[in-house]
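Source file: run07.cif; contents: mmCIF, C-alpha atoms.
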```cif
data_entry
loop_
_atom_site.label_atom_id
_atom_site.label_comp_id
_atom_site.auth_asym_id
_atom_site.auth_seq_id
_atom_site.Cartn_x
_atom_site.Cartn_y
_atom_site.Cartn_z
CA MET A 226 38.05 3.53 -31.25
CA PHE A 227 41.80 3.86 -30.80
CA ASN A 228 42.57 5.79 -27.61
CA ILE A 229 46.06 7.26 -27.96
CA PHE A 230 45.92 8.86 -24.53
CA LYS A 231 45.19 5.58 -22.78
CA LYS A 232 48.00 3.87 -24.66
CA LYS A 233 50.44 6.61 -23.72
CA GLU A 234 49.43 6.41 -20.07
CA LYS A 235 50.16 2.68 -20.05
CA SER A 236 53.61 3.32 -21.41
CA VAL A 237 54.44 5.94 -18.79
CA ASN A 238 53.21 3.76 -15.94
CA GLN A 239 54.59 0.47 -17.25
CA ALA A 240 56.44 -0.27 -14.00
CA GLU A 241 53.10 -0.07 -12.14
CA ILE A 242 51.48 -2.74 -14.31
CA LYS A 243 51.06 -6.02 -12.48
CA PRO A 244 52.30 -9.00 -14.48
CA LYS A 245 49.94 -11.89 -15.13
CA THR A 246 51.06 -15.38 -14.18
CA ILE A 247 49.67 -18.20 -16.32
CA LEU A 248 49.68 -21.88 -15.37
CA CYS A 249 49.00 -24.68 -17.87
CA ILE A 250 47.59 -27.96 -16.50
CA PRO A 251 46.69 -30.78 -18.90
CA GLY A 252 44.60 -33.70 -17.68
CA ASN A 253 42.80 -36.82 -18.81
CA TRP A 254 39.27 -35.57 -18.10
CA ASN A 255 36.53 -36.76 -20.46
CA ASP A 256 34.58 -33.50 -20.62
CA ARG A 257 34.15 -30.09 -19.00
CA THR A 258 31.52 -31.33 -16.59
CA GLU A 259 34.00 -33.87 -15.22
CA ILE A 260 36.50 -31.07 -14.58
CA VAL A 261 33.94 -29.01 -12.65
CA THR A 262 32.85 -32.03 -10.61
CA ALA A 263 36.42 -33.11 -9.87
CA ILE A 264 37.35 -29.65 -8.60
CA ALA A 265 34.37 -29.63 -6.23
CA GLU A 266 34.91 -33.18 -4.96
CA ASN A 267 38.67 -32.91 -4.41
CA ASN A 268 38.80 -29.42 -2.91
CA MET A 269 35.90 -29.43 -0.47
CA ASN A 270 35.72 -26.09 1.41
CA ASP A 271 38.89 -24.90 -0.33
CA PHE A 272 38.12 -24.13 -4.00
CA ILE A 273 35.08 -23.96 -6.22
CA PHE A 274 34.79 -23.36 -9.97
CA ALA A 275 31.93 -21.16 -11.15
CA GLY A 276 31.62 -19.40 -14.49
CA MET A 277 35.20 -18.75 -15.57
CA VAL A 278 36.57 -18.28 -12.06
CA LEU A 279 38.28 -20.67 -9.67
CA LEU A 280 37.52 -19.23 -6.25
CA ASN A 281 39.56 -19.84 -3.11
CA LEU A 282 36.81 -20.14 -0.51
CA LYS A 283 39.13 -19.32 2.39
CA THR A 284 40.63 -16.12 0.96
CA ASN A 285 37.90 -15.15 -1.54
CA LYS A 286 40.65 -14.78 -4.15
CA GLY A 287 39.57 -15.57 -7.70
CA PHE A 288 41.61 -16.96 -10.58
CA GLU A 289 40.59 -16.91 -14.22
CA LEU A 290 40.13 -20.48 -15.44
CA GLU A 291 39.85 -21.44 -19.09
CA ILE A 292 39.31 -24.93 -20.48
CA TYR A 293 40.56 -26.08 -23.87
CA GLU A 294 40.46 -29.38 -25.69
CA ARG A 295 43.53 -31.49 -26.40
CA ASP A 296 46.63 -29.76 -27.77
CA ASP A 297 48.87 -32.03 -29.86
CA ARG A 298 51.88 -29.82 -29.07
CA MET A 299 51.62 -30.35 -25.33
CA LYS A 300 54.10 -33.24 -25.01
CA ASP A 301 56.87 -31.36 -26.82
CA SER A 302 56.08 -28.22 -24.84
CA PHE A 303 56.45 -30.07 -21.53
CA LYS A 304 59.57 -31.86 -22.76
CA PHE A 305 61.33 -28.58 -23.50
CA ALA A 306 60.05 -26.76 -20.40
CA GLY A 307 60.85 -29.77 -18.21
CA MET A 308 64.52 -30.10 -19.13
CA VAL A 309 65.74 -28.26 -16.03
CA ASN A 310 63.65 -30.47 -13.75
CA ARG A 311 64.59 -33.58 -15.76
CA ILE A 312 61.04 -34.78 -16.08
CA PRO A 313 60.99 -38.45 -17.16
CA GLU A 314 59.75 -39.93 -20.42
CA ASP A 315 56.93 -41.89 -18.76
CA PHE A 316 55.56 -38.60 -17.42
CA LEU A 317 55.67 -37.10 -20.92
CA GLU A 318 53.71 -40.08 -22.19
CA LYS A 319 51.01 -39.31 -19.61
CA ILE A 320 50.99 -35.69 -20.78
CA ASP A 321 50.54 -36.90 -24.36
CA LYS A 322 47.37 -38.76 -23.34
CA HIS A 323 45.63 -35.64 -22.04
CA LYS A 324 42.16 -34.79 -23.35
CA PHE A 325 41.69 -31.30 -21.93
CA VAL A 326 43.88 -28.42 -20.76
CA VAL A 327 43.16 -26.00 -17.93
CA TYR A 328 44.77 -22.56 -17.98
CA LEU A 329 44.82 -20.59 -14.73
CA SER A 330 45.79 -16.93 -14.68
CA ALA A 331 45.91 -14.03 -12.25
CA GLU A 332 47.82 -10.85 -11.57
CA THR A 333 50.86 -11.50 -9.40
CA GLY A 334 54.05 -9.49 -8.99
CA ASP A 335 54.66 -10.34 -5.32
CA LEU A 336 55.44 -13.44 -3.28
CA LYS A 337 52.01 -13.74 -1.66
CA SER A 338 50.06 -13.76 -4.92
CA ALA A 339 52.61 -16.08 -6.55
CA LYS A 340 52.00 -18.62 -3.79
CA GLU A 341 48.24 -18.16 -4.06
CA ILE A 342 48.09 -19.07 -7.74
CA ALA A 343 50.53 -21.94 -7.09
CA GLU A 344 48.02 -23.33 -4.58
CA ALA A 345 45.20 -22.82 -7.07
CA GLY A 346 47.22 -24.79 -9.60
CA ASN A 347 47.66 -27.54 -7.04
CA ALA A 348 43.89 -27.68 -6.61
CA ILE A 349 43.61 -28.57 -10.30
CA LEU A 350 46.35 -31.18 -9.94
CA LYS A 351 44.38 -32.75 -7.08
CA SER A 352 41.38 -32.80 -9.39
CA GLY A 353 43.02 -34.91 -12.09
CA GLY A 354 45.68 -32.66 -13.59
CA THR A 355 48.69 -34.59 -14.87
CA GLY A 356 51.39 -31.93 -14.52
CA ILE A 357 51.89 -28.18 -14.50
CA LYS A 358 53.79 -25.68 -16.61
CA VAL A 359 54.41 -22.05 -15.72
CA GLU A 360 53.70 -20.40 -19.07
CA THR A 361 55.17 -17.10 -17.90
CA THR A 362 58.51 -18.75 -17.19
CA GLY A 363 58.68 -21.78 -19.45
CA LYS A 364 59.22 -24.30 -16.66
CA ALA A 365 57.36 -27.61 -16.24
CA PHE A 366 56.82 -29.90 -13.24
CA THR A 367 55.38 -33.29 -12.47
CA LYS A 368 52.35 -33.28 -10.20
CA GLU A 369 54.41 -34.79 -7.38
CA HIS A 370 57.19 -32.19 -7.60
CA TRP A 371 54.81 -29.21 -7.56
CA THR A 372 52.82 -30.64 -4.67
CA GLU A 373 56.00 -31.34 -2.69
CA LEU A 374 57.17 -27.74 -3.07
CA LEU A 375 53.88 -26.55 -1.57
CA THR A 376 53.54 -29.23 1.11
CA ASP A 377 57.00 -28.57 2.55
CA PHE A 378 56.74 -24.87 1.74
CA LYS A 379 59.45 -22.32 2.31
CA GLU A 380 59.36 -18.89 0.69
CA SER A 381 62.52 -19.77 -1.21
CA ASN A 382 60.58 -22.56 -2.97
CA LEU A 383 58.93 -19.88 -5.08
CA TYR A 384 62.26 -19.39 -6.83
CA GLN A 385 62.29 -23.06 -7.83
CA MET A 386 58.70 -22.82 -9.02
CA TYR A 387 58.85 -19.62 -11.03
CA VAL A 388 62.41 -18.90 -12.14
CA LEU A 389 64.72 -20.28 -14.83
CA ASP A 390 68.31 -19.21 -14.22
CA SER A 391 70.22 -21.10 -16.89
CA ILE A 392 69.09 -19.57 -20.19
CA SER A 393 72.02 -19.14 -22.56
CA ASP A 394 72.42 -17.74 -26.06
CA GLY A 395 75.45 -19.98 -26.59
CA LYS A 396 77.68 -16.95 -27.01
CA GLY A 397 78.61 -16.17 -23.42
CA THR A 398 75.34 -14.60 -22.28
CA THR A 399 73.33 -16.24 -19.50
CA TYR A 400 70.17 -14.85 -17.94
CA THR A 401 67.09 -15.57 -15.86
CA CYS A 402 63.41 -15.57 -16.73
CA GLY A 403 60.36 -15.56 -14.49
CA MET A 404 61.32 -13.21 -11.67
CA HIS A 405 58.46 -10.92 -12.72
CA ASN A 406 56.05 -13.52 -11.33
CA LEU A 407 57.55 -12.67 -7.93
CA GLY A 408 57.70 -8.90 -8.43
CA LEU A 409 61.47 -8.81 -8.95
CA LYS A 410 63.86 -7.97 -11.77
CA ASP A 411 65.52 -10.67 -13.81
CA SER A 412 69.31 -10.74 -14.17
CA ILE A 413 71.85 -11.22 -16.94
CA VAL A 414 75.58 -12.01 -17.09
CA TYR A 415 77.90 -11.53 -20.06
CA ASN A 416 81.19 -13.17 -21.00
CA GLU A 417 81.43 -15.58 -18.08
CA GLU A 418 81.72 -19.37 -18.08
CA PHE A 419 78.24 -20.90 -18.25
CA GLN A 420 78.15 -22.88 -15.00
CA GLU A 421 79.73 -20.02 -13.05
CA SER A 422 77.11 -17.70 -14.53
CA VAL A 423 74.29 -20.03 -13.48
CA ASN A 424 75.66 -20.21 -9.95
CA LEU A 425 75.99 -16.42 -9.79
CA LEU A 426 72.46 -15.85 -11.08
CA SER A 427 71.02 -18.45 -8.71
CA VAL A 428 72.70 -17.05 -5.61
CA PHE A 429 71.79 -13.50 -6.61
CA GLY A 430 68.18 -14.54 -7.24
CA TYR A 431 67.79 -16.29 -3.89
CA TYR A 432 69.46 -13.29 -2.22
CA GLN A 433 66.77 -10.99 -3.63
CA LEU A 434 63.97 -13.35 -2.64
CA ILE A 435 65.15 -14.20 0.88
CA ASP A 436 66.96 -11.06 2.07
CA LYS A 437 64.76 -8.59 0.15
CA PRO A 438 67.52 -5.98 -0.26
CA LYS A 439 66.97 -2.54 -1.77
CA ILE A 440 69.33 -2.82 -4.74
CA GLN A 441 70.62 0.23 -6.58
CA SER A 442 72.78 0.59 -9.66
CA GLY A 443 76.46 0.74 -8.83
CA GLN A 444 76.27 -1.64 -5.88
CA THR A 445 78.39 -4.79 -5.94
CA PHE A 446 77.67 -8.46 -5.31
CA SER A 447 79.71 -11.60 -4.78
CA THR A 448 78.61 -15.16 -4.09
CA ASP A 449 81.16 -15.47 -1.27
CA MET A 450 84.29 -13.85 0.13
CA ASP A 451 86.63 -15.68 -2.25
CA SER A 452 84.64 -15.19 -5.45
CA PRO A 453 84.82 -12.41 -8.05
CA VAL A 454 82.99 -9.15 -7.38
CA PHE A 455 80.31 -8.02 -9.82
CA GLU A 456 78.89 -4.54 -10.26
CA ILE A 457 75.10 -4.29 -10.52
CA ASN A 458 73.57 -2.02 -13.14
CA GLU A 459 70.36 -1.77 -15.15
CA GLU A 460 70.14 -3.74 -18.40
CA ARG A 461 67.97 -1.71 -20.77
CA ASN A 462 67.87 -4.33 -23.53
CA GLN A 463 66.51 -7.43 -21.83
CA PRO A 464 66.43 -10.46 -24.16
CA ASN A 465 62.69 -11.01 -23.76
CA ILE A 466 61.61 -7.46 -24.48
CA GLY A 467 58.32 -7.43 -26.37
CA ASP A 468 57.43 -11.00 -25.34
CA GLU A 469 54.00 -11.00 -23.70
CA LEU A 470 54.80 -13.98 -21.49
CA PHE A 471 58.45 -13.46 -20.60
CA GLU A 472 59.22 -9.73 -20.66
CA ASN A 473 59.86 -8.42 -17.16
CA PRO A 474 58.03 -5.10 -16.55
CA TYR A 475 60.22 -4.47 -13.51
CA GLY A 476 63.38 -4.56 -15.60
CA MET A 477 66.62 -6.51 -15.48
CA TRP A 478 69.90 -6.34 -13.55
CA LYS A 479 73.21 -6.66 -15.36
CA LEU A 480 76.07 -8.20 -13.36
CA GLU A 481 79.50 -7.19 -14.67
CA ARG A 482 82.77 -8.48 -13.24
CA LYS A 483 84.85 -5.75 -11.65
CA ALA A 484 88.49 -5.65 -12.67
CA SER A 485 90.91 -6.90 -10.01
CA ARG A 486 93.10 -4.23 -8.47
#
```
Could you write out this structure as structure tokens?
Amino acid sequence: MFNIFKKKEKSVNQAEIKPKTILCIPGNWNDRTEIVTAIAENNMNDFIFAGMVLLNLKTNKGFELEIYERDDRMKDSFKFAGMVNRIPEDFLEKIDKHKFVVYLSAETGDLKSAKEIAEAGNAILKSGGTGIKVETTGKAFTKEHWTELLTDFKESNLYQMYVLDSISDGKGTTYTCGMHNLGLKDSIVYNEEFQESVNLLSVFGYYQLIDKPKIQSGQTFSTDMDSPVFEINEERNQPNIGDELFENPYGMWKLERKASR
């Protein structure tokens, strides 16, 4: 039965809704039993898979785990999502040989939970996963790259893992995607040169992640003392609005260059 009151309540409290982060991990397992066994053998005392849940034995945090058979689109998906990280062709060939795909998902929306599901994803990589793609960003990694970011972990690594900051419409608009995985707003820049826009978005993104400022509309930001000043305001029409994977429930910042006096 359609509950209009429940639907309305969701709309009002949209900012309170925790986003769900989804990780895609293809592998060359022969069957589901092999996946379950590999997780147990390669993550002793750390993770166990039971039912549809991957459980972190140290934190008692659970992650939804779903197993699917081979997806013929996987190579092209990783090729597109891996452009920023320049994943090599030989890696894509390994992806193309996968037999099963593991999808991990959990509510995130803060740095701690983003790291937790990243570690859960790494447990699957240790168990025979070939590579990993953040479905809720559209960014792919080799097994070695993802593991390195967690082994030599700094909080700022979460930006590399979960955020794309070079998305362009080809008409002077550049924006980020994936900040919702970290509980932060994405950002957008209009009518600026592409590489300068990417640099601005990157510095602004790391600033939010590392310094954790309380940003308000009307404040200004600059990458350094000699660079242009940008005014920060809310962008009501984010490019990914309505997209279940990419829309940011926290919103989006718009950075507009202030006129020189």
Write out as a tab-separated table the residues of stretch 241-275 of chain A that have any atom within 9 Å of an atom of stretch 345-351 of chain A, one row each with the nearest atom pair and its distance in Å to one decimal, counting only C-alpha atoms, sorted by chain and then rising number.
```
residue	atom	partner	partner_atom	distance
A:Leu248	CA	A:Gly346	CA	6.9
A:Cys249	CA	A:Gly346	CA	8.5
A:Ile250	CA	A:Ile349	CA	7.4
A:Pro251	CA	A:Leu350	CA	9.0
A:Gly252	CA	A:Leu350	CA	8.3
A:Ile260	CA	A:Ile349	CA	8.7
A:Ala263	CA	A:Lys351	CA	8.4
A:Ile264	CA	A:Ile349	CA	6.6
A:Asn267	CA	A:Lys351	CA	6.3
A:Asn268	CA	A:Ala348	CA	6.5
A:Asp271	CA	A:Ala348	CA	8.5
A:Phe272	CA	A:Ala348	CA	7.3
```
Can those selected residues be exported to a file as a PDB file, in the frame of the given file so that it contains C-alpha atoms?
```pdb
ATOM      1  CA  LEU A 248      49.680 -21.880 -15.370  1.00  0.00           C
ATOM      2  CA  CYS A 249      49.000 -24.680 -17.870  1.00  0.00           C
ATOM      3  CA  ILE A 250      47.590 -27.960 -16.500  1.00  0.00           C
ATOM      4  CA  PRO A 251      46.690 -30.780 -18.900  1.00  0.00           C
ATOM      5  CA  GLY A 252      44.600 -33.700 -17.680  1.00  0.00           C
ATOM      6  CA  ILE A 260      36.500 -31.070 -14.580  1.00  0.00           C
ATOM      7  CA  ALA A 263      36.420 -33.110  -9.870  1.00  0.00           C
ATOM      8  CA  ILE A 264      37.350 -29.650  -8.600  1.00  0.00           C
ATOM      9  CA  ASN A 267      38.670 -32.910  -4.410  1.00  0.00           C
ATOM     10  CA  ASN A 268      38.800 -29.420  -2.910  1.00  0.00           C
ATOM     11  CA  ASP A 271      38.890 -24.900  -0.330  1.00  0.00           C
ATOM     12  CA  PHE A 272      38.120 -24.130  -4.000  1.00  0.00           C
TER      13      PHE A 272
END
```
- Task: Give me the result of the PyMOL selection byres ((chain A and resi 244) around 7) on this file, residue by residue, as an NGL selection string.
- Result: :A and (242-243 or 245-246 or 332-334 or 405-406)
For the interface of stretch 334-403 of chain A with stretch 319-322 of chain A (cut-off 10 Å, counting all atoms listed in the file), please tabulate each contacting residue of stretch 334-403 of chain A alongside its nearest pair of atoms and their separation in Å to one decimal, rows sorted by chain and increasing number, as a Markdown table.
```
| residue | atom | partner | partner_atom | distance |
| --- | --- | --- | --- | --- |
| A:Gly354 | CA | A:Ile320 | CA | 9.4 |
| A:Thr355 | CA | A:Ile320 | CA | 6.4 |
| A:Gly356 | CA | A:Ile320 | CA | 7.3 |
| A:Ile357 | CA | A:Ile320 | CA | 9.8 |
| A:Thr367 | CA | A:Ile320 | CA | 9.7 |
```
- Message: Applying 8 Å and only C-alpha atoms, which residues near A:Lys479 remain after dropping the ones on its own chain fewer than 2 positions away? List them as a count of residues only.
- Response: 10
- Atom pair atom CA of A:Ser330 + atom CA of A:Leu290, distance 6.7 Å
- Run the PyMOL selection byres ((chain A and resi 447) around 12) on the file and write out the hits as a PyMOL selection string. chain A and resi 421-422+424-429+432+444-446+448-457+480-483
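Distance annotation: of A:Trp478, A:Phe274, A:Phe419, A:Trp254, the residue with the minimal separation from A:Lys396 is A:Phe419; atom set is all atoms listed in the file.
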- Neighbour residues at most 8 Å from (38.6, -20.9, -12.4) (all atoms listed in the file) as a PyMOL selection string: chain A and resi 273-280+287-291+329
Can those selected residues be exported to a file as an mmCIF file, keeping the file's coordinate frame so that it contains C-alpha atoms?
```cif
data_model
loop_
_atom_site.group_PDB
_atom_site.id
_atom_site.type_symbol
_atom_site.label_atom_id
_atom_site.label_comp_id
_atom_site.auth_asym_id
_atom_site.auth_seq_id
_atom_site.Cartn_x
_atom_site.Cartn_y
_atom_site.Cartn_z
ATOM 1 C CA ILE A 273 35.080 -23.960 -6.220
ATOM 2 C CA PHE A 274 34.790 -23.360 -9.970
ATOM 3 C CA ALA A 275 31.930 -21.160 -11.150
ATOM 4 C CA GLY A 276 31.620 -19.400 -14.490
ATOM 5 C CA MET A 277 35.200 -18.750 -15.570
ATOM 6 C CA VAL A 278 36.570 -18.280 -12.060
ATOM 7 C CA LEU A 279 38.280 -20.670 -9.670
ATOM 8 C CA LEU A 280 37.520 -19.230 -6.250
ATOM 9 C CA GLY A 287 39.570 -15.570 -7.700
ATOM 10 C CA PHE A 288 41.610 -16.960 -10.580
ATOM 11 C CA GLU A 289 40.590 -16.910 -14.220
ATOM 12 C CA LEU A 290 40.130 -20.480 -15.440
ATOM 13 C CA GLU A 291 39.850 -21.440 -19.090
ATOM 14 C CA LEU A 329 44.820 -20.590 -14.730
#
```
